[in-house]
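Scroll down for the structure; my scribbles are underneath it.
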Amino acid sequence: MTSVPSKNIWIKRQQCPCGDWKCYVTCEGDVEETSVASQLEKNETFQSDSMVSPYVGMVFKSDDDAFEYYGNFARKNGFSIRKERSRLSPQLGIYKRDFVCYRSGFAPARKKSTAEHHRDRKSVRCGCDAKMYLSKEVVEGVSQWFVVQFSNVHNHELLEDDQVRLLPAYRKIQEADQERILLLSKAGFPIHRIVKVLELEKGIQGGQLPFLERDVRNFVQNRKKIVQENDALLTEKRENDSMELLEACKVTKEMDGDFVYDFTMDENDKVENIVWSYGDSVRAYTLFGDVVYFDTSYRSITYGMLLGVWLGIDNNGKTVFFGCVLLQDETARSFAWALQAFVHLMKGKCPQTILTDLELGLKDAVRSELPSTRHAISIWNIQPKISSWFFLSLGARYPEFKSMFDDLYHAENADDFEHRWSQMVSMFGFGSDKHIALLYSLRASWASSYMRGYFLARMATSAYLKSVESFLKAICCAQTCLRSFFEQVGSSSNFQNQLRQEMQYMLTKTCMPIEEHARNFLTPFAFNDFQHELVLSMQCALSEMPDGSYLVHHYKKMDVERLVIWIPEDEQIHCTCKEFESSGMLCRHTLRVFILKNYFQLPEKYYLSRWRRESSLVFYDNQDTQTNDDGWFQEFQSLTGTLLTESSITKERSDYVHRELPKELKRLISEVRKMPESDGDGVAMDLTLSPSS
């Protein structure tokens with residue numbers, strides 16, 4: 001049995017936010033680490049259908065690939081393998097590899113031990129001759145490994161699927177399970193209870209873990225021994241690396257005056273907490289710091305520190321880095337210091353809204369340090385926990401509960417939410433459930449009926465959360481010390497490293513003047529959202545109320561109405577759906593009223609600066625060329641649209657269009673030919689009119 005070594009200093013937190021240290025949450029991103037048994041089962045199913053037996057002449061890119069392939073073949077066929085001999089040459093390095101069955105050869109004779117309690121274990125080796133030998137050859141400068149000998153003849157019984165998984169080569173304790181085992185052991189749980197807890201948490205039957213009870217016992221004993229032997233070295237490493245990180249911040253500040261950082265020291269003059277940001281990030285915050293996502297999902301066992309990262313979204317829908325903090329603990333006091341330090345680094349500007357994970361300590365810290373900031377918890381952070389909390393306990397009723405919870409999340413108003421919540425608690429017997437109590441206490445931060453009107457700038461979406469996870473994986477991947485982590489953060493957050501974006505041409509869908517006007521202001525990301533709402537506004541019916549307001553609804557869905565209040569004196573418009581207050585983009589209901597009022601251009605105050613082109617952090621390639629190209633293309637689009645519309649009315653107008661269209665096309669093409677050539681790599685266009693034009 002082997003325990004999987006830590007590849008990196010950061011892992012996903014698994015402590016449940018309910019405050020009970022015994023409660024464990026399997027995060028959505030941890031599936032690869034925590035469901036090894038199910039993954040192996042999937043692999044076996046796939047292999048049984050598609051795996052080819054190794055053969056002489058088979059080629060692999062590397063010896064590791066060959067070993068992995070042979071190992072999968074062995075598992076499917078009821079045995080395991082090990083590495084035997086290898087041969088080395090000065091020119092090729094290792095050029096021969098021998099892989100053999102785990103029962104190959106014979107155990108060497110042991111000297112009799114004088115110890116009283118010596119256990120004379122019987123060896124499993126029986127001289128099995130199953131093997132796969134490889135030889136390396138360089139073909140056209142590329143190294144390849146060829147199978148030169150293969151035998152699948154065994155002199156022992158091969159194991160069934162439920163037995164082969166118990167061979168030492170396949171019994172692995174993943175990193176996430178290691179942390180959980182050590183936590184339960186530290187709390188005094190006996191080994192057999194630890195195994196039972198893991199089985200219950202994973203929802204599997206007894207004996208189906210990818211390791212045995214004795215593996216857990218050996219792991220705990222070995223880890224305790226390692227901790228005792230290396231505790232002093234680990235403490236010294238933590239202190240040295242923390243001081244090295246602090247020194248890196250000081251050096252960076254000397255080289256870049258815009259770099260900002262802060263830190264605290266404990267009573268022993270050791271680094272306790274440290275926070276930092278960059279000049280580009282501070283400048284980005286002035287534009288897009290209205291909404292901040294504070295991620296605290298990663299922590300380090302090596303350093304005993306929590307990682308916090310502040311992120312935002314720019315006008316192109318991209319994730320923006322604002323700052324980073326390392327904390328010694330997860331108390332409300334530490335979170336309060338982090339938020340206080342962050343606002344200080346951002347020149348005293350507080351966000352309108354801060355999105356966080358489900359965290360009681362953060363809730364208290366936000367309330368104390370950011371009293372004017374609204375606290376929101378994305379439903380996408382809650383849903384994975386819902387599964388961990390209730391999937392096993394509800395069993396076959398879980399789908400019914402999940403459907404009811406989703407409907408409850410979308411409740412129209414607070415009264416509707418409270419009524420449905422009471423029904424759900426009563427139906428599923430949740431009266432004393434601690435997780436239901438936690439969700440209810442935080443309902444004002446996650447339920448739509450309470451959050452409607454919170455400015456979120458499209459950040460409470462699954463697409464944005466995936467973008468955040470991608471960014472976090474990039475900075476947390478394979479970092480072995482704090483200094484390398486610091487450098488990776490600096491590289492990932494540097495806007496100069498981002499690819500220059502090519503301006504997308506934004507096609508219109510409605511040919512309405514409002515759409516043309518919006519295209520001149522908004523980025524492609526924002527314009528796409530605006531355009532979506534504008535198209536849907538055409539499906540809205542409305543009726544005017546005596547006070548000048550409007551009831552707007554979908555022409556087929558009469559049961560869901562939105563009240564739109566129109567104040568003509570100030571050109572103010574408000575909708576009860578609160579879409580503009582939430583995203584900064586007008587909704588379909590308000591756009592429908594503007595169209596009714598014969599607005600051909602929206603008041604510019606409804607194009608927020610955070611969604612405008614001029615607020616972009618990354619410059620576009622060929623902007624000047626694009627502007628010129630847009631000019632003649634828009635003129636061409638407008639001309640053809642007008643003429644085609646005219647031609648559809650009467651025969652006389654159709655004849656007129658057929659006469660005038662070739663003339664206008666020749667005029668436009670002549671103007672295009674006179675335009676200066678682009679410096680960039682353009683696309684050649686054939687501007688010759690055919691005789692049939």
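To be explicit about the labels: the chains of the structure tokens are called A, B, and onward in the order shown, and within each one the residues are counted from 1, while ligands get numbers from 1 in the order they are shown.
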Which residues are near segment 524-537 of chain A? Cut-off 12 Å, only C-alpha atoms, ignore same chain within fewer than 5 positions. Put them as JSON, numbers by chain. {"A": [313, 314, 315, 316, 317, 318, 457, 458, 501, 502, 503, 504, 505, 506, 507, 508, 509, 510, 511, 512, 513, 514, 515, 516, 517, 518, 519, 542, 552, 553, 554, 555, 579, 580, 583, 584, 585, 586, 587, 588, 589, 590, 591, 592, 593, 594, 595, 596, 602, 606, 607, 608, 609, 610, 611, 612, 613, 616, 620]}
Find the residues near Leu166 of chain A: any atom within 8 Å, counting only C-alpha atoms, skip ones fewer than 2 places away on the same chain, and give them as an MDAnalysis selection string. chainID A and resid 162:164 168 170:171 210:212
Skipping near chain neighbours, those fewer than 6 positions away, what residues fall within 10 Å of Ser462 of chain A using only C-alpha atoms, listed as a list in words? Ser378, Ile379, Trp380, Asn381 and Val468 of chain A
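The smallest atom-to-atom distance between Phe150 of chain A and any of A:Glu272, A:Asp98, A:Glu614, A:Glu137, using only C-alpha atoms, is found for A:Asp98.
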Give me the residues near segment 273-281 of chain A as a CSV table (one decimal) with C-alpha atoms, in the first residue's frame, where near means some atom within 7 Å (using only C-alpha atoms) and where sequence neighbours in that chain fewer than 6 positions away do not count.
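Resulting contents of selection-v1.csv:
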chain,number,residue,atom,x,y,z
A,258,ASP,CA,3.2,50.4,-7.3
A,259,PHE,CA,3.5,47.1,-5.6
A,260,VAL,CA,1.7,47.1,-2.2
A,261,TYR,CA,1.7,44.7,0.7
A,262,ASP,CA,1.0,44.4,4.4
A,263,PHE,CA,1.7,41.9,7.2
A,264,THR,CA,1.4,41.1,10.8
A,321,PHE,CA,-6.9,39.5,-10.0
A,322,PHE,CA,-7.1,42.2,-7.2
A,323,GLY,CA,-5.1,40.7,-4.4
A,324,CYS,CA,-3.9,37.7,-2.3
A,325,VAL,CA,-3.6,36.9,1.4
A,326,LEU,CA,-2.2,34.1,3.5
A,327,LEU,CA,-3.7,33.7,7.0
A,328,GLN,CA,-2.6,31.5,9.9
Taking the DSSP secondary structure from the backbone, can you list the residues of segment 327-453 of chain A that are strand (DSSP E or B), as a ChimeraX atom specification? /A:327,353-356,374-377
